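Structure file input.cif with mmCIF, C-alpha atoms and all ligand atoms:
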data_data
loop_
_atom_site.label_atom_id
_atom_site.label_comp_id
_atom_site.auth_asym_id
_atom_site.auth_seq_id
_atom_site.Cartn_x
_atom_site.Cartn_y
_atom_site.Cartn_z
CA MET G 4 118.87 127.22 103.46
CA LYS G 5 119.76 126.72 99.83
CA CYS G 6 118.33 124.20 97.39
CA LEU G 7 119.83 123.34 94.01
CA VAL G 8 117.31 122.12 91.45
CA VAL G 9 118.95 119.99 88.76
CA ASP G 10 116.82 119.14 85.73
CA ASP G 11 117.24 119.54 81.98
CA SER G 12 113.64 120.69 81.59
CA ARG G 13 113.16 124.37 82.19
CA VAL G 14 109.49 123.78 82.95
CA VAL G 15 110.26 121.24 85.67
CA ARG G 16 112.90 123.56 87.16
CA LYS G 17 110.38 126.37 87.27
CA VAL G 18 107.73 124.25 88.99
CA ALA G 19 110.25 122.82 91.45
CA ARG G 20 111.66 126.27 92.18
CA ARG G 21 108.26 127.56 93.15
CA ILE G 22 107.69 124.63 95.48
CA VAL G 23 111.04 124.77 97.27
CA GLU G 24 110.85 128.55 97.57
CA ASP G 25 107.44 128.14 99.20
CA LEU G 26 109.13 125.79 101.66
CA GLY G 27 111.54 128.58 102.57
CA PHE G 28 114.59 127.72 100.46
CA ALA G 29 116.67 130.01 98.31
CA CYS G 30 116.85 128.26 94.96
CA ASP G 31 119.56 127.80 92.34
CA GLU G 32 119.13 125.89 89.10
CA ALA G 33 121.38 123.68 86.99
CA GLU G 34 120.48 122.04 83.68
CA ASP G 35 122.74 118.99 83.89
CA GLY G 36 125.01 117.08 86.27
CA GLN G 37 128.15 118.88 85.12
CA LYS G 38 126.67 122.33 85.84
CA ALA G 39 125.42 121.05 89.19
CA TYR G 40 128.88 119.73 90.02
CA GLU G 41 130.44 123.09 89.23
CA ALA G 42 127.86 124.84 91.40
CA CYS G 43 128.69 122.50 94.30
CA LEU G 44 132.41 123.19 93.91
CA GLN G 45 131.59 126.87 94.42
CA ALA G 46 129.31 126.36 97.42
CA MET G 47 127.57 123.28 98.82
CA PRO G 48 123.79 123.69 98.96
CA ASP G 49 121.73 122.22 101.82
CA ALA G 50 119.43 120.31 99.51
CA ILE G 51 119.59 119.02 95.95
CA LEU G 52 116.57 117.99 93.91
CA LEU G 53 118.05 115.78 91.21
CA ASP G 54 116.80 114.46 87.88
CA TRP G 55 118.28 111.22 86.54
CA ASN G 56 118.42 111.48 82.76
CA MET G 57 120.18 114.62 81.55
CA PRO G 58 122.65 115.42 78.78
CA VAL G 59 126.39 115.89 79.51
CA MET G 60 126.27 114.28 82.97
CA SER G 61 123.46 112.17 84.42
CA GLY G 62 122.09 112.60 87.92
CA ILE G 63 123.59 109.34 89.18
CA ASP G 64 127.07 110.19 87.84
CA PHE G 65 126.80 113.60 89.47
CA LEU G 66 125.77 112.08 92.79
CA GLU G 67 128.72 109.67 92.83
CA LYS G 68 131.15 112.50 92.07
CA LEU G 69 129.50 114.77 94.66
CA ARG G 70 129.74 112.23 97.46
CA ALA G 71 133.46 111.77 96.71
CA LEU G 72 134.13 115.50 97.15
CA PRO G 73 135.35 116.98 100.43
CA GLY G 74 132.17 118.25 102.09
CA GLY G 75 130.15 116.35 99.50
CA GLN G 76 128.33 114.37 102.18
CA THR G 77 126.59 117.48 103.49
CA PRO G 78 123.84 118.16 100.95
CA LYS G 79 120.67 116.11 101.31
CA VAL G 80 120.00 114.70 97.86
CA VAL G 81 116.48 113.88 96.71
CA PHE G 82 116.16 112.19 93.35
CA CYS G 83 113.19 113.36 91.30
CA THR G 84 112.87 111.31 88.16
CA THR G 85 110.57 109.36 85.86
CA GLU G 86 112.68 106.27 86.56
CA ASN G 87 110.25 104.44 88.81
CA ASP G 88 111.51 100.90 89.22
CA MET G 89 113.09 99.25 92.24
CA ALA G 90 116.43 98.76 90.48
CA HIS G 91 116.88 102.49 89.91
CA ILE G 92 115.75 103.32 93.43
CA GLN G 93 118.21 100.85 94.90
CA ARG G 94 121.05 102.18 92.77
CA ALA G 95 120.30 105.77 93.80
CA MET G 96 120.17 104.94 97.50
CA THR G 97 123.41 102.95 97.29
CA ALA G 98 125.07 105.94 95.61
CA GLY G 99 124.12 108.07 98.60
CA ALA G 100 120.74 109.62 97.82
CA ASN G 101 118.65 110.50 100.88
CA GLU G 102 115.21 110.25 99.33
CA TYR G 103 113.60 109.41 96.03
CA ILE G 104 110.64 110.93 94.22
CA MET G 105 109.01 109.30 91.21
CA LYS G 106 107.61 111.83 88.75
CA PRO G 107 105.04 113.21 88.43
CA PHE G 108 105.45 115.06 91.70
CA ASP G 109 103.51 117.78 93.46
CA SER G 110 104.19 120.09 96.38
CA ASP G 111 102.77 117.61 98.90
CA ILE G 112 105.22 114.92 97.84
CA ILE G 113 108.22 117.24 97.97
CA LYS G 114 107.09 118.56 101.33
CA SER G 115 106.56 115.07 102.69
CA LYS G 116 110.01 113.89 101.51
CA PHE G 117 111.83 117.01 102.69
CA SER G 118 110.33 116.69 106.15
CA GLN G 119 111.19 112.98 106.37
CA ILE G 120 114.88 113.73 105.94
CA GLY G 121 114.78 116.69 108.29
CA LEU G 122 115.14 119.47 105.73
CA ILE G 123 111.97 121.09 106.99
CA GLU G 124 109.78 120.73 110.07
CA GLY G 125 106.93 118.22 109.71
CA MET V 12 66.35 118.20 95.43
CA HIS V 13 63.31 118.79 97.58
CA ILE V 14 64.16 120.04 101.09
CA SER V 15 62.22 117.27 102.82
CA ASN V 16 64.29 114.81 100.83
CA PHE V 17 67.50 116.41 102.05
CA ASP V 18 66.14 115.82 105.56
CA LEU V 19 65.52 112.19 104.74
CA TYR V 20 69.08 111.60 103.54
CA ARG V 21 70.47 113.54 106.50
CA ASP V 22 68.47 111.51 109.02
CA LEU V 23 69.28 108.23 107.30
CA LEU V 24 73.02 108.92 107.34
CA LYS V 25 72.97 110.11 110.93
CA GLU V 26 71.17 106.96 111.99
CA LYS V 27 73.18 104.47 109.96
CA SER V 28 76.72 105.86 110.22
CA GLY V 29 76.72 108.87 112.54
CA LEU V 30 77.62 111.20 109.71
CA THR V 31 76.30 114.67 110.42
CA LEU V 32 75.33 116.65 107.34
CA THR V 33 74.75 120.36 107.63
CA PRO V 34 72.70 122.07 104.88
CA ASP V 35 75.88 123.62 103.42
CA LYS V 36 76.98 120.07 102.61
CA ALA V 37 73.86 119.35 100.57
CA TYR V 38 75.98 119.45 97.41
CA LEU V 39 77.83 116.37 98.70
CA ILE V 40 74.61 114.43 98.61
CA GLU V 41 74.06 115.42 94.99
CA SER V 42 77.56 114.62 93.79
CA ARG V 43 78.05 111.40 95.70
CA LEU V 44 74.58 109.88 95.55
CA MET V 45 73.69 110.53 91.92
CA PRO V 46 75.92 107.62 90.79
CA ILE V 47 74.16 105.38 93.35
CA ALA V 48 70.73 106.46 92.12
CA LYS V 49 71.80 105.63 88.54
CA LYS V 50 73.17 102.25 89.60
CA TRP V 51 69.85 101.39 91.22
CA GLY V 52 67.85 102.65 88.26
CA TYR V 53 66.45 105.85 89.74
CA THR V 54 66.31 108.95 87.58
CA SER V 55 66.83 111.41 90.44
CA LEU V 56 67.56 111.66 94.15
CA ASP V 57 63.94 112.62 94.80
CA ASN V 58 63.00 109.46 92.98
CA MET V 59 65.33 107.33 95.09
CA CYS V 60 63.75 108.90 98.19
CA MET V 61 60.44 107.29 97.37
CA ALA V 62 62.08 103.90 97.61
CA LEU V 63 63.76 104.89 100.87
CA ARG V 64 60.43 105.91 102.36
CA GLY V 65 59.07 102.43 101.74
CA VAL V 66 60.90 99.29 102.80
CA PRO V 67 64.31 99.91 101.27
CA ASP V 68 66.74 97.23 100.19
CA PRO V 69 69.48 97.02 102.85
CA ASN V 70 72.04 96.95 100.04
CA LEU V 71 70.79 100.31 98.78
CA ILE V 72 71.29 101.77 102.24
CA LYS V 73 74.75 100.25 102.41
CA ASP V 74 75.64 101.79 99.04
CA ILE V 75 74.39 105.19 100.18
CA VAL V 76 76.30 105.07 103.47
CA GLU V 77 79.53 103.96 101.77
CA ALA V 78 79.24 106.59 99.05
CA MET V 79 79.04 109.31 101.70
CA THR V 80 82.20 108.25 103.56
CA THR V 81 85.44 110.16 103.05
CA ASN V 82 88.30 107.69 102.79
CA GLU V 83 91.18 110.16 102.52
CA THR V 84 94.27 108.77 104.27
CA SER V 85 98.01 108.30 103.84
CA PHE V 86 100.94 106.33 105.21
CA PHE V 87 102.28 107.84 108.45
CA ARG V 88 99.64 110.55 108.20
CA ASP V 89 100.77 113.64 110.16
CA THR V 90 104.02 111.81 111.16
CA LYS V 91 103.87 112.77 114.87
CA PRO V 92 101.36 110.13 116.03
CA PHE V 93 103.57 107.45 114.50
CA ASP V 94 106.69 108.90 116.13
CA LEU V 95 104.75 108.78 119.39
CA PHE V 96 103.78 105.18 118.72
CA ARG V 97 107.39 104.17 118.04
CA ASP V 98 109.16 106.23 120.70
CA HIS V 99 106.67 106.40 123.55
CA ILE V 100 103.66 104.11 123.33
CA LEU V 101 105.41 100.97 122.19
CA PRO V 102 108.32 101.18 124.65
CA ALA V 103 105.85 101.79 127.52
CA MET V 104 103.71 98.83 126.46
CA MET V 105 106.73 96.57 126.02
CA LYS V 106 107.85 97.38 129.54
CA ASP V 107 104.45 96.93 131.17
CA ARG V 108 103.61 93.78 129.27
CA ALA V 109 107.00 92.11 129.43
CA SER V 110 105.58 88.95 130.98
CA ALA V 111 102.37 88.52 128.97
CA ARG V 112 104.07 89.62 125.74
CA LYS V 113 100.79 90.48 124.12
CA ILE V 114 99.56 93.75 122.65
CA ARG V 115 96.29 94.38 120.83
CA ILE V 116 95.96 97.37 118.53
CA TRP V 117 92.77 98.67 116.95
CA CYS V 118 92.55 101.02 113.97
CA ALA V 119 88.90 102.02 114.32
CA ALA V 120 88.63 103.80 110.95
CA ALA V 121 91.18 101.91 108.90
CA SER V 122 90.08 103.11 105.46
CA SER V 123 92.35 101.71 102.72
CA GLY V 124 94.88 100.32 105.20
CA GLN V 125 97.67 102.90 105.24
CA GLU V 126 97.31 103.51 108.99
CA PRO V 127 97.41 99.88 110.17
CA TYR V 128 100.16 99.02 107.69
CA SER V 129 102.23 101.99 108.92
CA LEU V 130 101.98 100.55 112.43
CA ALA V 131 102.85 97.07 111.17
CA MET V 132 105.99 98.41 109.49
CA LEU V 133 107.07 100.20 112.68
CA LEU V 134 106.59 96.96 114.61
CA LYS V 135 108.64 95.09 112.03
CA GLU V 136 111.41 97.65 112.43
CA LYS V 137 111.70 96.68 116.10
CA GLY V 138 113.00 93.33 114.84
CA ALA V 139 114.27 90.90 117.47
CA ALA V 140 113.01 93.07 120.37
CA LEU V 141 109.50 91.89 119.54
CA ALA V 142 110.31 88.27 118.72
CA ASN V 143 108.04 85.99 120.80
CA TRP V 144 105.52 88.78 121.23
CA GLN V 145 102.00 88.38 120.01
CA ILE V 146 100.87 91.64 118.49
CA ASP V 147 97.46 91.86 116.86
CA ILE V 148 96.39 94.74 114.67
CA LEU V 149 92.69 94.93 113.89
CA GLY V 150 91.58 97.36 111.17
CA THR V 151 87.87 98.09 110.97
CA ASP V 152 85.74 100.37 108.84
CA ILE V 153 82.12 100.88 107.91
CA SER V 154 82.91 100.68 104.21
CA THR V 155 83.36 97.11 102.99
CA ASP V 156 84.57 98.44 99.63
CA ILE V 157 87.45 100.32 101.20
CA LEU V 158 88.28 97.29 103.36
CA GLU V 159 88.73 95.23 100.18
CA THR V 160 91.29 97.79 99.03
CA ALA V 161 93.01 97.55 102.42
CA LYS V 162 93.15 93.76 102.19
CA ARG V 163 94.69 93.88 98.72
CA GLY V 164 97.37 96.20 100.05
CA GLU V 165 97.94 97.53 96.56
CA TYR V 166 98.76 101.21 96.12
CA SER V 167 99.45 103.70 93.36
CA GLN V 168 102.76 105.46 92.87
CA PHE V 169 101.11 108.60 94.18
CA GLU V 170 99.89 106.89 97.37
CA VAL V 171 103.27 105.37 98.25
CA GLN V 172 104.95 108.76 98.01
CA ARG V 173 102.81 110.53 100.56
CA GLY V 174 104.31 109.97 104.00
CA LEU V 175 106.15 106.75 103.23
CA PRO V 176 109.96 106.96 103.44
CA ILE V 177 111.70 105.45 100.41
CA THR V 178 113.63 103.00 102.60
CA MET V 179 110.32 101.56 103.80
CA LEU V 180 109.02 101.32 100.26
CA MET V 181 112.14 99.35 99.34
CA LYS V 182 111.89 97.03 102.31
CA TYR V 183 108.18 96.37 102.57
CA PHE V 184 106.72 96.66 99.07
CA GLU V 185 106.92 94.80 95.79
CA GLN V 186 106.41 96.49 92.47
CA LYS V 187 103.87 95.17 90.00
CA GLY V 188 103.75 97.39 86.93
CA GLU V 189 102.53 100.79 88.08
CA ARG V 190 101.31 99.40 91.40
CA TRP V 191 103.10 98.83 94.69
CA ILE V 192 102.00 95.89 96.81
CA ILE V 193 102.69 95.55 100.49
CA LYS V 194 104.63 92.36 101.22
CA ASP V 195 102.92 89.35 102.75
CA ASP V 196 104.79 89.45 106.06
CA ILE V 197 103.41 92.95 106.71
CA LYS V 198 100.00 92.17 105.25
CA LYS V 199 99.48 89.19 107.51
CA MET V 200 100.10 91.30 110.62
CA VAL V 201 96.78 93.11 110.06
CA LYS V 202 93.29 91.64 110.22
CA TYR V 203 90.41 93.56 108.65
CA GLN V 204 86.78 93.41 109.57
CA TYR V 205 83.62 95.44 108.97
CA PHE V 206 82.62 97.43 112.00
CA ASN V 207 80.30 100.39 112.48
CA LEU V 208 81.40 102.63 115.36
CA LEU V 209 77.75 103.10 116.29
CA ASP V 210 77.45 99.38 117.07
CA ASN V 211 78.11 97.47 120.27
CA MET V 212 81.86 97.02 120.69
CA ALA V 213 81.87 94.23 123.26
CA ALA V 214 82.62 91.46 120.75
CA LEU V 215 85.81 93.21 119.63
CA GLY V 216 87.49 92.48 122.94
CA ARG V 217 89.98 94.58 124.85
CA PHE V 218 92.64 96.79 123.28
CA ASP V 219 95.90 98.27 124.51
CA ILE V 220 96.26 100.85 121.75
CA VAL V 221 93.48 102.48 119.73
CA PHE V 222 93.92 104.67 116.68
CA CYS V 223 90.62 106.44 116.07
CA ARG V 224 91.76 109.14 113.73
CA ASN V 225 89.93 111.48 111.40
CA VAL V 226 86.54 109.88 111.74
CA LEU V 227 84.99 111.60 114.78
CA ILE V 228 85.21 114.90 112.87
CA TYR V 229 82.24 113.76 110.80
CA PHE V 230 79.99 113.23 113.83
CA ASP V 231 78.14 115.64 116.09
CA LYS V 232 79.29 116.29 119.62
CA GLU V 233 76.87 113.90 121.25
CA THR V 234 77.84 111.02 118.94
CA LYS V 235 81.55 111.72 119.46
CA GLY V 236 81.16 111.60 123.24
CA GLU V 237 79.07 108.48 123.09
CA ILE V 238 81.58 106.63 120.86
CA LEU V 239 84.54 107.70 122.98
CA GLY V 240 82.74 106.52 126.09
CA ARG V 241 82.29 103.08 124.59
CA ILE V 242 85.85 102.93 123.25
CA ALA V 243 87.11 103.61 126.79
CA LYS V 244 85.29 100.50 127.99
CA GLN V 245 87.20 98.39 125.44
CA MET V 246 90.57 99.66 126.58
CA ALA V 247 93.04 98.36 129.12
CA PRO V 248 93.32 100.70 132.14
CA ASP V 249 96.71 101.88 130.89
CA GLY V 250 95.63 101.79 127.23
CA MET V 251 96.44 104.61 124.85
CA LEU V 252 94.18 106.36 122.38
CA LEU V 253 95.23 108.45 119.41
CA LEU V 254 92.91 110.96 117.78
CA GLY V 255 93.33 112.96 114.58
CA GLY V 256 94.89 116.41 114.38
CA ALA V 257 91.52 118.20 114.43
CA GLU V 258 90.00 116.02 117.13
CA THR V 259 89.98 116.31 120.91
CA VAL V 260 88.16 115.03 123.99
CA MET V 261 87.95 118.49 125.51
CA GLY V 262 84.36 119.52 126.10
CA ILE V 263 83.20 116.19 124.64
CA THR V 264 83.84 113.49 127.20
CA GLU V 265 85.28 113.03 130.67
CA THR V 266 86.28 109.43 130.02
CA PHE V 267 89.63 110.35 128.46
CA LYS V 268 92.34 112.82 129.42
CA ALA V 269 95.07 114.26 127.25
CA VAL V 270 98.54 112.99 128.09
CA PRO V 271 100.67 116.05 128.91
CA ASP V 272 103.23 117.00 126.24
CA LYS V 273 102.07 114.24 123.90
CA ARG V 274 99.89 115.83 121.28
CA GLY V 275 96.98 113.70 120.10
CA LEU V 276 97.52 111.07 122.79
CA TYR V 277 94.86 110.26 125.38
CA MET V 278 94.43 107.83 128.24
CA ARG V 279 91.43 106.77 130.26
CA ALA V 280 90.76 109.42 132.89
CA ASP V 281 90.91 106.72 135.58
CA SER V 282 94.24 105.37 134.31
CA PRO V 283 96.81 104.83 137.07
CA ALA V 284 99.55 105.62 134.54
CA LEU V 285 98.06 109.05 133.86
CA ALA V 286 97.90 109.85 137.58
CA SER V 287 101.63 109.25 137.87
CA THR V 288 102.60 111.27 134.76
CA SER V 289 100.45 114.26 135.71
CA ALA V 290 101.87 114.11 139.23
CA ALA V 291 105.34 114.07 137.71
CA THR V 292 104.54 117.08 135.51
CA ALA V 293 103.05 118.90 138.48
CA VAL V 294 106.25 118.42 140.48
CA LYS V 295 108.34 119.79 137.60
C1 LIG F 1 89.17 110.03 106.60
S1 LIG F 1 89.19 108.30 106.86
C2 LIG F 1 90.41 108.16 108.13
C3 LIG F 1 91.44 107.09 107.84
C4 LIG F 1 92.60 107.00 108.82
N1 LIG F 1 92.15 106.70 110.16
C5 LIG F 1 93.39 108.29 108.81
O1 LIG F 1 93.41 109.00 109.80
O2 LIG F 1 94.03 108.58 107.80
C6 LIG F 1 87.63 108.02 107.69
C7 LIG F 1 87.12 106.58 107.62
O3 LIG F 1 86.09 106.41 108.59
C8 LIG F 1 85.13 105.49 108.09
N2 LIG F 1 83.87 105.65 108.83
C9 LIG F 1 82.94 106.63 108.70
N3 LIG F 1 81.91 106.42 109.53
C10 LIG F 1 82.18 105.28 110.21
C11 LIG F 1 81.49 104.53 111.21
N4 LIG F 1 80.29 104.93 111.69
N5 LIG F 1 82.06 103.40 111.68
C12 LIG F 1 83.27 103.00 111.21
N6 LIG F 1 83.97 103.66 110.28
C13 LIG F 1 83.42 104.79 109.77
C14 LIG F 1 85.07 105.85 106.62
O4 LIG F 1 84.57 104.77 105.85
C15 LIG F 1 86.52 106.20 106.28
O5 LIG F 1 87.21 105.11 105.73
#
Have the structure of the file written as structure tokens, please.
Amino acid sequence: MKCLVVDDSRVVRKVARRIVEDLGFACDEAEDGQKAYEACLQAMPDAILLDWNMPVMSGIDFLEKLRALPGGQTPKVVFCTTENDMAHIQRAMTAGANEYIMKPFDSDIIKSKFSQIGLIEG
Amino acid sequence: MHISNFDLYRDLLKEKSGLTLTPDKAYLIESRLMPIAKKWGYTSLDNMCMALRGVPDPNLIKDIVEAMTTNETSFFRDTKPFDLFRDHILPAMMKDRASARKIRIWCAAASSGQEPYSLAMLLKEKGAALANWQIDILGTDISTDILETAKRGEYSQFEVQRGLPITMLMKYFEQKGERWIIKDDIKKMVKYQYFNLLDNMAALGRFDIVFCRNVLIYFDKETKGEILGRIAKQMAPDGMLLLGGAETVMGITETFKAVPDKRGLYMRADSPALASTSAATAVK
């Protein structure tokens, strides 16, 4: 199982990598939506942990483009962002996100969300 | 703290709430009761003991008991019991009670409300299938402080992200600043009330489903067995009991039996329903 961690903060990527690797995923990183899009064109991951606000291409723009791709429905996408209001959550879910994490996050939250959408066993 | 004073706190807690404190947990007394001592104007726990040896203020005892409770909980804690509730318990109850259309649920250690509210949300999800049904959820706890939190139904961002699917957050909560508040239609499905599991249960009435999770772990074997025996008396013959992940009836009481293949689920040992399922498993 492969997880793509998309965040413009290297620190967040590092923390997230450790958590998803502990959950048994092989991890790739991307620092913005454009880089993530290119990675998905190469090979679709099983899971994507996705920040919202990033330079070049935002998380929501990436998600909309991803879902329009052939095979772009396959990855389970979990937003992971400081945007923590209902309007953002609704917009993300409408765009095809599977789950939504409001930062700050910890391993318990990621684990709980991943198991809810069937990425890992409860 | 003087050793005889540890004994006093240990005996007091055992008597008032069932909590069993082993000497290795003495540090818990220090860390949790020092704030209470301060609040009541005592300079030390030994000092507070003097008051407890006399005729103590019932409110002091209440503060001590509440301070020693562990209220740790989360929405859909451990997931599986709630899957069982949705996919097995509820369908069985709806079939067996199709004419009376009444189900009573008891969360016997409700803490800050996540457990009863999780059940309320699952009931809501059944939608029209449960229209015209009367379903009561009673949440009880020994801590009146934690029950106030449950009644407010107000949770932090951290709390709503542990166990609660985002779709449920969107449907059943309203945001107020940094807080998330459970909506009124869910809130009003749950009634909260103080209840000590050591007390007589008769006035609570009869229940079809009992969640008694992650509270028996704090009691000794004898107290566990005694409480389970009394819970059994409050349950319908085909009633269902859920215990926490680290709890069991094995070696503790004969009044309940584990339901085969349904982890954490128990029925009264004399339940006709259990006789038929175990017969069915035996045939397989
Ligand atoms: C760890 S919480 C469990 C909450 C929930 N049932 C769960 O599984 O997540 C334990 C609760 O039991 C309550 N409790 C402890 N002793 C009790 C007693 N004698 N009678 C009723 N409730 C008690 C505590 O106040 C606390 O809220």
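CA of Lys113 in chain V sits 19.2 Å away from CA of Ser282 in chain V.
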* Structure fact -> Across V:Leu208, V:Met246, V:Leu19, V:Leu71, the smallest distance to ligand LIG 1 (chain F), with all atoms listed in the file counted, is shown by V:Leu208
Report, as lines of an AutoDock Vina configuration file, the centre and edge lengths in Å (one decimal) of the axis-aligned box enclosing every listed atom of ligand LIG 1 (chain F), padded by 4 Å on each side.
center_x = 87.2
center_y = 106.5
center_z = 108.7
size_x = 21.7
size_y = 15.0
size_z = 14.0
* Surroundings of ligand LIG 1 (chain F) up to 6 Å, based on all atoms listed in the file, as a ChimeraX atom specification -> /V:28-29,80-85,88,120-122,126,152-154,206-209,224-226
* To do: Would you list the residues near (85.1, 102.9, 119.5), meaning any protein, DNA or RNA residue with an atom at most 7 Å from that point in file coordinates, counting only C-alpha atoms, as a PyMOL selection string?
  => chain V and resi 119+208+212+238-239+241-242
Could I get the residues of chain V with an atom no further than 9 Å from an atom of chain G, each paired with its nearest atom pair and that distance in Å to one decimal, using all atoms listed in the file, sorted by chain and residue number, as JSON lines?
{"residue": "V:Asp89", "atom": "CA", "partner": "G:Gly125", "partner_atom": "CA", "distance": 7.7}
{"residue": "V:Thr90", "atom": "CA", "partner": "G:Gly125", "partner_atom": "CA", "distance": 7.2}
{"residue": "V:Lys91", "atom": "CA", "partner": "G:Gly125", "partner_atom": "CA", "distance": 8.1}
{"residue": "V:Gln168", "atom": "CA", "partner": "G:Met105", "partner_atom": "CA", "distance": 7.5}
{"residue": "V:Phe169", "atom": "CA", "partner": "G:Phe108", "partner_atom": "CA", "distance": 8.2}
{"residue": "V:Gln172", "atom": "CA", "partner": "G:Ile112", "partner_atom": "CA", "distance": 6.2}
{"residue": "V:Arg173", "atom": "CA", "partner": "G:Ile112", "partner_atom": "CA", "distance": 5.7}
{"residue": "V:Gly174", "atom": "CA", "partner": "G:Ser115", "partner_atom": "CA", "distance": 5.7}
{"residue": "V:Leu175", "atom": "CA", "partner": "G:Lys116", "partner_atom": "CA", "distance": 8.3}
{"residue": "V:Pro176", "atom": "CA", "partner": "G:Gln119", "partner_atom": "CA", "distance": 6.8}
{"residue": "V:Ile177", "atom": "CA", "partner": "G:Glu102", "partner_atom": "CA", "distance": 6.0}
{"residue": "V:Thr178", "atom": "CA", "partner": "G:Glu102", "partner_atom": "CA", "distance": 8.1}
{"residue": "V:Met181", "atom": "CA", "partner": "G:Met89", "partner_atom": "CA", "distance": 7.2}
{"residue": "V:Glu185", "atom": "CA", "partner": "G:Met89", "partner_atom": "CA", "distance": 8.4}
{"residue": "V:Gln186", "atom": "CA", "partner": "G:Met89", "partner_atom": "CA", "distance": 7.2}
{"residue": "V:Gly188", "atom": "CA", "partner": "G:Asp88", "partner_atom": "CA", "distance": 8.8}
{"residue": "V:Glu189", "atom": "CA", "partner": "G:Asn87", "partner_atom": "CA", "distance": 8.6}
* To do: Mind checking which residues fall within 7 Å of Ala100 in chain G, counting all atoms listed in the file, ignoring those fewer than 3 positions away in the same chain, and posting them as an NGL selection string?
  => :G and (80-82 or 95-96)
Take the residues just selected and output them with C-alpha atoms as a PDB file, keeping the file's coordinate frame.
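The result, written out as result_16.pdb:
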ATOM      1  CA  VAL G  80     120.000 114.700  97.860  1.00  0.00           C
ATOM      2  CA  VAL G  81     116.480 113.880  96.710  1.00  0.00           C
ATOM      3  CA  PHE G  82     116.160 112.190  93.350  1.00  0.00           C
ATOM      4  CA  ALA G  95     120.300 105.770  93.800  1.00  0.00           C
ATOM      5  CA  MET G  96     120.170 104.940  97.500  1.00  0.00           C
TER       6      MET G  96
END
* Near Asp35 in chain G, within 8 Å and counting all atoms listed in the file, which residues show up once chain neighbours fewer than 3 positions away are dropped, as a ChimeraX atom specification? -> /G:9-11,38-39,57-62
What would the file look like if the residues just selected were written as an mmCIF file, in the coordinates of the input with C-alpha atoms?
data_model
loop_
_atom_site.group_PDB
_atom_site.id
_atom_site.type_symbol
_atom_site.label_atom_id
_atom_site.label_comp_id
_atom_site.auth_asym_id
_atom_site.auth_seq_id
_atom_site.Cartn_x
_atom_site.Cartn_y
_atom_site.Cartn_z
ATOM 1 C CA VAL G 9 118.950 119.990 88.760
ATOM 2 C CA ASP G 10 116.820 119.140 85.730
ATOM 3 C CA ASP G 11 117.240 119.540 81.980
ATOM 4 C CA LYS G 38 126.670 122.330 85.840
ATOM 5 C CA ALA G 39 125.420 121.050 89.190
ATOM 6 C CA MET G 57 120.180 114.620 81.550
ATOM 7 C CA PRO G 58 122.650 115.420 78.780
ATOM 8 C CA VAL G 59 126.390 115.890 79.510
ATOM 9 C CA MET G 60 126.270 114.280 82.970
ATOM 10 C CA SER G 61 123.460 112.170 84.420
ATOM 11 C CA GLY G 62 122.090 112.600 87.920
#
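Between CA of Val171 in chain V and CA of Cys6 in chain G there is a distance of 24.1 Å.
Nearest residue to Asp210 in chain V among V:Leu24, V:Lys137, V:Glu237, V:Gly124 is V:Glu237, counting only C-alpha atoms.
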* Do you know which residues are at most 10 Å from range 139-143 of chain V counting all atoms listed in the file, after dropping those on the same chain fewer than 4 positions away, and could you put them as number ranges by chain? -> V: 105, 112-113, 134-135
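Using all atoms listed in the file, the shortest contact distance between Lys162 in chain V and any of V:Ala103, V:Ile75, V:Val201, V:Leu285 is found at V:Val201.
Separating CA of Ser12 in chain G from CA of Gly36 in chain G is a distance of 12.8 Å.
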* Asked: So which residues fall inside 10 Å of (101.9, 113.1, 123.9) if we count only C-alpha atoms? Mind giving them as a ChimeraX atom specification?
  -> /V:91-92,95-96,99-100,253,269-277
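Nearest to Met47 in chain G of all the residues G:Glu67, G:Glu34, G:Ile22, G:Lys5 is G:Lys5, counting only C-alpha atoms.
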* Asked: Leaving out Arg21 in chain V and any residue of its chain fewer than 3 positions from it, which residues lie within 8 Å of it when counting all atoms listed in the file, given as a ChimeraX atom specification?
  -> /V:17-18,24-25,31-32
* To do: Show which residues sit within 7 Å of Asp57 in chain V, as a VMD selection string. Count all atoms listed in the file, and ignore same-chain residues fewer than 4 positions away.
  => chain V and resid 12 to 13 16 61
